[in-house]
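Engineer: Okay, here's the structure, questions in a sec.
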Amino acid sequence: MHLVMIGGSDAGISAALRARELDSSADVTVVVADAYPNFSICGIPYYVSGEVTHWRNLAHRTVADLEATGMTLRLDTTARRIDVPGRKLHLTRPAGEDELIRYDKLVIGTGAVPVRPPIDGLDGRGALGPEDGVHVLHTMGDTFAVMRTIEEASPASAIIIGAGYVGLEMADALTARGLAVTQLEQLPEVLATVDAELGALVRAELAAQGVQVLTGTTARRISRASAGAAGRLRVEAVTAGATVERTADLVLVVTGVRPDTELAASAGARLGARGAIQVDPAMQTGLPDVLAAGDCVVTHHRLLGETYLPLGTTAHKQGRVAGENALGGRRRFVGSLGTQVVKIFDQAAARTGLRHDEAAAAGFDPLTIQSAANDHKAYYPGSHRITMRVTGDRRTGRLLGMQLFGHKHAEIAKRIDIAAAAIFNNMTVEAISDLDLSYTPPLGSPWEAVQMGAQAWDREVQSLRR
Ligand SMILES: Cc1cc2nc3c(=O)[nH]c(=O)nc-3n(C[C@H](O)[C@H](O)[C@H](O)COP(=O)(O)OP(=O)(O)OC[C@H]3O[C@@H](n4cnc5c(N)ncnc54)[C@H](O)[C@@H]3O)c2cc1C
């Protein structure tokens with residue numbers, strides 16, 4: 001049995017590890033386009049900031065660790081074409097020669113690539129690139145290019161185009177590096193994955209840390225700045241019909257990702273949401289003996305059905321399912337809730353489930369109530385307020401979503417996980433108060449903050465019914 005995984009990041013490596021774990025005689029080959037298998041690209045901002053002191057420390061496992069599990073790594077090797085009927089994979093080796101390898105089962109984990117928005121000067125003839133200080137950020141190669149600009153050109157300032165979670169993490173990282181950061185976001189508020197009320201709190205934190213934030217501002221053109229300007233690069237943008245211009249020494253374009261599906265699509269795989277590879281819960285593509293997982297595939301959302309939700313947590317789970325099923329297993333990916341958290345300087349924002357507008361669009365009758373509570377008893381030093389937004393269904397009382405914002409030491413991540421577990425198990429908002437959660441004054445309250453948020457929602461529902 002020869003299993004071949006294409007892609008050496010979260011999905012491909014998870015699949016390979018699971019297969020080797022279940023069957024130590026399985027012949028598992030992982031084909032990786034670059035030389036950085038199993039690197040935590042989620043950690044890139046913390047290497048750029050200097051908190052992670054060497055890029056090698058971003059490896060979840062070293063090449064030696066991976067090989068010790070018994071898998072074969074084919075690094076700097078690109079999969080070019082899948083011959084589905086012949087169960088063969090066409091490769092290009094590091095030195096450029098072609099090679100054909102046979103497989104019994106194939107797992108595609110080609111992931112995602114950065115979206116390149118239509119900005120003059122980013123693509124096409126005369127485009128500016130990493131050597132000019134204009135960057136995207138997804139791979140270790142992109143990271144090295146950013147670090148080269150930082151180390152060789154000593155930039156004093158940066159413009160970040162995009163204020164999603166990667167853009168925010170990079171605003172934090174580049175500020176830590178001493179760069180003056182301007183952040184452009186075309187939407188009305190930063191971090192559109194949470195409601196604008198929490199996005200405004202995120203924006204306030206950015207401003208407090210010295211980041212200049214321009215929302216409702218769409219970048220149109222990147223060019224070289226004229227001599228004597230305050231930076232080497234100029235970004236022209238449009239806001240409310242007017243043109244604004246900013247200059248900086250480094251420009252980072254982080255406006256999301258799209259699934260990398262060329263290989264799968266050319267082999268005949270069906271595509272679904274946002275052009276991602278269609279898979280069933282067993283991660284089967286529908287092509288004989290071909291599975292797929294991670295950022296290149298559609299994601300089953302437990303409340304919404306098919307979506308595209310590229311996240312490292314999901315890629316790990318889907319990869320594990322694909323690895324097991326490639327060996328003939330019957331594992332299912334049971335679905336995501338889009339649970340995520342991001343640290344922005346001294347604060348953190350998190351969400352799980354649905355925001356109000358998503359719940360309404362999905363046919364629920366949502367009510368969202370914002371409230372606040374302390375992370376632990378206020379009389380014990382160092383307590384922080386947590387702002388919560390609880391979304392529940394008025395008809396059934398079911399918890400549909402939760403969003404949290406608060407200090408980075410207020411356990412925002414673990415608190416959102418309470419809500420994620422509750423939604424996963426179809427709990428009502430009211431039932432959250434029944435959960436037996438821990439308490440000691442320096443670390444919590446007799447009513448955990450999330451339970452207080454749930455009670456605020458309940459009170460509002462009761463008063464609306466009166
Ligand atoms: C800066 C940053 C921060 C992030 N932070 C978080 C976070 O905090 N939490 C979270 O959940 N997620 C986070 N993510 C998202 C997370 O990293 C991705 O969801 C995850 O890496 C997806 O894994 P993947 O294996 O599906 O794809 P990718 O990581 O995109 O990897 C694809 C792999 O396929 C290889 N490949 C592609 N084409 C070929 C080919 N033809 N032949 C051979 N190999 C090929 C690539 O070299 C790579 O190894 C972050 C992403 C970035 C960029």
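By convention in this document, the chains of the structure tokens carry letters A, B, ... by their order, each chain's residues are numbered from 1, and ligands are numbered from 1 in the order they are shown.
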Please identify all polymer residues within 8 Å of Met71 (chain A), counting only C-alpha atoms, omitting same-chain residues fewer than 6 positions from it, and present them as a list of chain:residue names.

Structural biologist: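 Here the qualifying residues turn out to be A:Ala16, A:Leu17, A:Arg20, A:Asp27, A:Val28, A:Thr29, A:Val30.
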
Engineer: What residues in region 236-323 of chain A get the DSSP label alpha helix (DSSP H)? Please answer as a list of chain:residue names.

Structural biologist: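 After running DSSP on the backbone, region 236-323 of chain A has alpha helix (DSSP H) at A:Glu262, A:Leu263, A:Ala264, A:Ala265, A:Ser266, A:Gly312, A:Thr313, A:Thr314, A:Ala315, A:His316, A:Lys317, A:Gln318, A:Gly319, A:Arg320, A:Val321, A:Ala322, A:Gly323.
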
Engineer: Do a neighbour search on Val251 (chain A) at 8 Å with only C-alpha atoms, toss out local chain neighbours closer than 3 positions, and write the hits as a list in words.

Structural biologist: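 Listing them by chain and then by number gives Gly133, Val134, His135, Ala158, Ile159, Ile160, Ile161, Leu233 and Ala248 of chain A.
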
Engineer: Mind the document's chain letters and residue numbers, and return as a list of chain:residue names the residues of region 129-188 of chain A that DSSP labels strand (DSSP E or B).

Structural biologist: A:Val134, A:His135, A:Ser157, A:Ala158, A:Ile159, A:Ile160, A:Ile161, A:Ala180, A:Val181, A:Thr182, A:Gln183, A:Leu184

Engineer: For the residues selected in the previous step, produce a file with C-alpha atoms as a short mmCIF file (atom, residue, chain, number, x, y, z; two decimals), in the first residue's frame.

Structural biologist:
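And here's part05.cif as it stands now:
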```cif
data_model
loop_
_atom_site.label_atom_id
_atom_site.label_comp_id
_atom_site.auth_asym_id
_atom_site.auth_seq_id
_atom_site.Cartn_x
_atom_site.Cartn_y
_atom_site.Cartn_z
CA VAL A 134 6.34 44.69 -1.56
CA HIS A 135 5.28 41.40 0.03
CA SER A 157 7.59 52.32 8.12
CA ALA A 158 5.13 49.83 6.66
CA ILE A 159 1.75 49.90 5.01
CA ILE A 160 -0.34 46.79 5.58
CA ILE A 161 -3.14 46.30 3.09
CA ALA A 180 5.58 52.88 12.02
CA VAL A 181 2.56 50.98 10.68
CA THR A 182 -0.35 52.22 8.60
CA GLN A 183 -3.15 49.73 8.02
CA LEU A 184 -5.61 50.03 5.13
#
```
